[in-house]
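First the structure, in the form of C-alpha cells, and then the observations on it.
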Amino acid sequence: MTPRPSTTPAVPQRKLTTRRISFGYAETALARHYVSGDPVMSAVVSVLSALFPEGEDFFVRSVRAYRDRITDPELRRQVAGFIGQEAMHGREHRRFNDRLAALGYPTRAIDRTLGWGFKASERLPGRARRLAVTAALEHYTATLAETLLEDERARAILTVGEIRNLFLWHALEESEHKAVAFDVFQAVSGNDRVRRWVMNATTVGFVAVVVSWTTVSLLTDPATWRHPLRVLRSLAALRENPWVTPEVWRRLRDYNRRDFHPDDWDATELTARWREVLFGADGALAGRVATTTATA
C-alpha cells in the first residue's frame, strides 16, 4: 500500500458496520506461547490485546465528548459507527484477556494500570489533547491492522484459528473507521502543531508501555528461565517480523506530514476484499454475527 495525495473530500462517505460477534477459546486449545510457539511474540500480542479494552473506552469517550459540536451529518453517522465498533472490540478483547490471564499473562494488571492512567489524564484540562491522542493511536492501530490484512506472513504468525479470526475482524473494522477520530479532531480543532506534537509524545509512551509490559510478561514466564536461549532467538527474530519493517515505520512517521490524512493510505479495495472474505455470503465468520448495524 502506498500513500496517495490528499485529494478526497473532508468527510467522504465510508461504510462502517458494527458486527456483534463473539469468540471462544477452548481451555485445552491454547498454549502459553500461542503465537507460533514464539515466547516474545506471544507476550507482545498479549500486551497489545490487554491494551485494547481500556484504550477503546478512552477513544470512545474522547470522540463522544465532541459529538455535539459535529455539524457534518456524514461525520455524525461515522462517529456512531466508530463508537459501536470500538465498544464491541473492547468487549471481545476483555474475554480474550481473561483467557490470557489464565495462561499467566499480566492482562488484568495492564488493564487496571491503563484504566487508572487514562482516567487520571481525563481529570486534567485539554479535551482536544485527548482527542489528538486518540487520533494518533488510531493511526497506530490502522497501520498494524492493515499490515495484518495485507501481509500473509503477519497472518501466518497467528497459528490459532480463533485468535486469528478475532484479530482479522478487529483489523477490518479498524481500517473501516481509521479516519473518524482524525476527522473529528480536524473539525473541532485542526491544530496541526498539536496533532504532530501529540503523535510524537504518544509514540514514546506507546513504545514504552509495550516494551515494559512485554518484559514483565517474559520475566514472569517460567519458560524464560528454563530456556533463555529460546527467548534470545525469539528476540533476534523480531528483525524479520512483518510488523517492524521499514515500510511500517515509514507509514507511522507519515502522520507527521503537514498535509497528512489517514485516507492517503487508501485501503478501499483491501477492506472490500476482507468484508467479503469474512462476512460475505460464504464468509468465514458470516454465520457467527448475531446482528449488524451499518452506518454511513
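Residues are named by chain letter and number: chains run A, B, ... in the order of the C-alpha cells, numbers start at 1 in each chain, and ligands are numbered from 1 in the order shown.
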
Val35 of chain A surroundings by only C-alpha atoms, 8 Å radius, close-in-sequence under 3 positions cut, as a PyMOL selection string
chain A and resi 38-39+41-42+45+157-160

DSSP-assigned alpha helix (DSSP H) members of segment 65-293 of chain A, reported as a PyMOL selection string:
chain A and resi 73-103+107-122+127-150+152-157+161-176+180-188+192-219+222-226+228-237+246-253+268-279

Find the residue from A:Val194, A:Ala101, A:Val63, A:Leu252 that sits nearest to Thr141 of chain A; use only C-alpha atoms when measuring.
A:Leu252

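The closest residue to Arg20 of chain A, picked from A:Ala267, A:Ala294, A:Leu124, A:Val289 and counting only C-alpha atoms, is A:Val289.
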
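Distances from A:Arg153, A:Ala181, A:Thr18, A:Ala120 to Arg64 of chain A were compared using only C-alpha atoms, and the smallest one belongs to A:Ala181.
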
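All residues in segment 10-219 of chain A with a DSSP state of strand (DSSP E or B), computed from the backbone, read A:Leu16, A:Thr17, A:Thr18, A:Arg19, A:Arg20, A:Ile21.
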
With only C-alpha atoms as the counted atoms, please give the residues lying no more than 6 Å from Leu16 of chain A, apart from itself and same-chain residues fewer than 3 positions off, as a PyMOL selection string.
chain A and resi 81+176+294-295

Near segment 146-152 of chain A, counting only C-alpha atoms, which residues have an atom at most 7 Å away, once you skip same-chain residues fewer than 5 positions from it, shown as a VMD selection string?
chain A and resid 171 175 243

Residues from last step as file, C-alpha atoms, as a PDB file, in the first residue's frame:
```pdb
ATOM      1  CA  ALA A 171      -8.358  -5.280  11.886  1.00  0.00           C
ATOM      2  CA  SER A 175      -9.403   0.000   8.791  1.00  0.00           C
ATOM      3  CA  TRP A 243       5.138  -5.580  11.852  1.00  0.00           C
TER       4      TRP A 243
END
```

With only C-alpha atoms as the counted atoms, please give the residues lying no more than 12 Å from Val60 of chain A, apart from itself and same-chain residues fewer than 4 positions off, as a VMD selection string.
chain A and resid 52 to 56 64 to 67 79 to 90 130 to 131 133 to 135 138 180 to 181 184

Just to be explicit: take each residue in the selection above, keep C-alpha atoms, and write the result as a CSV table (one decimal), in the first residue's frame.
```csv
chain,number,residue,atom,x,y,z
A,52,PHE,CA,-7.4,-2.6,23.8
A,53,PRO,CA,-10.3,-2.6,26.2
A,54,GLU,CA,-9.4,0.5,28.2
A,55,GLY,CA,-7.9,2.1,25.1
A,56,GLU,CA,-11.1,1.6,23.1
A,64,ARG,CA,-18.1,11.3,22.1
A,65,ALA,CA,-17.1,14.5,24.1
A,66,TYR,CA,-17.3,16.4,20.8
A,67,ARG,CA,-20.3,14.8,19.3
A,79,VAL,CA,-19.0,8.7,14.8
A,80,ALA,CA,-21.9,6.5,15.7
A,81,GLY,CA,-20.3,3.6,13.7
A,82,PHE,CA,-17.0,4.3,15.4
A,83,ILE,CA,-18.5,4.1,18.9
A,84,GLY,CA,-20.4,0.9,18.0
A,85,GLN,CA,-17.3,-0.9,16.6
A,86,GLU,CA,-15.0,0.2,19.4
A,87,ALA,CA,-17.4,-1.0,22.1
A,88,MET,CA,-17.5,-4.4,20.5
A,89,HIS,CA,-13.7,-4.6,20.2
A,90,GLY,CA,-13.4,-3.8,23.9
A,130,ARG,CA,-7.1,13.7,24.4
A,131,LEU,CA,-8.8,13.7,21.0
A,133,VAL,CA,-4.1,11.2,21.4
A,134,THR,CA,-7.0,9.1,20.1
A,135,ALA,CA,-6.3,10.1,16.5
A,138,GLU,CA,-5.9,5.2,15.8
A,180,VAL,CA,-13.1,9.1,12.1
A,181,ALA,CA,-11.2,10.4,15.2
A,184,VAL,CA,-13.4,14.9,14.3
```

Which residues, written as number ranges by chain, have at least one atom at most 7 Å from segment 108-110 of chain A, with only C-alpha atoms counted and residues fewer than 4 positions away on the same chain left out?
A: 50-51, 101, 114

Emit the selected residues as a short mmCIF file (atom, residue, chain, number, x, y, z; two decimals), in the first residue's frame, including C-alpha atoms.
```cif
data_model
loop_
_atom_site.label_atom_id
_atom_site.label_comp_id
_atom_site.auth_asym_id
_atom_site.auth_seq_id
_atom_site.Cartn_x
_atom_site.Cartn_y
_atom_site.Cartn_z
CA ALA A 50 -4.60 -6.14 27.10
CA LEU A 51 -4.28 -2.50 26.00
CA ALA A 101 -4.70 -14.18 32.36
CA LEU A 114 -4.06 1.68 31.87
#
```

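Checking A:Val248, A:Ala102, A:Ala136, A:Val11 one by one against Arg77 of chain A, counting only C-alpha atoms, you find the shortest gap at A:Val11.
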
Between A:Arg258, A:Arg155, A:Arg19, A:Arg69, which one has atoms that come closest to Asp192 of chain A, using only C-alpha atoms?
A:Arg258

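Here the question is which of A:Lys119, A:His170, A:Arg99, A:Arg196 gets nearest to Thr271 of chain A using only C-alpha atoms, and that residue is A:His170.
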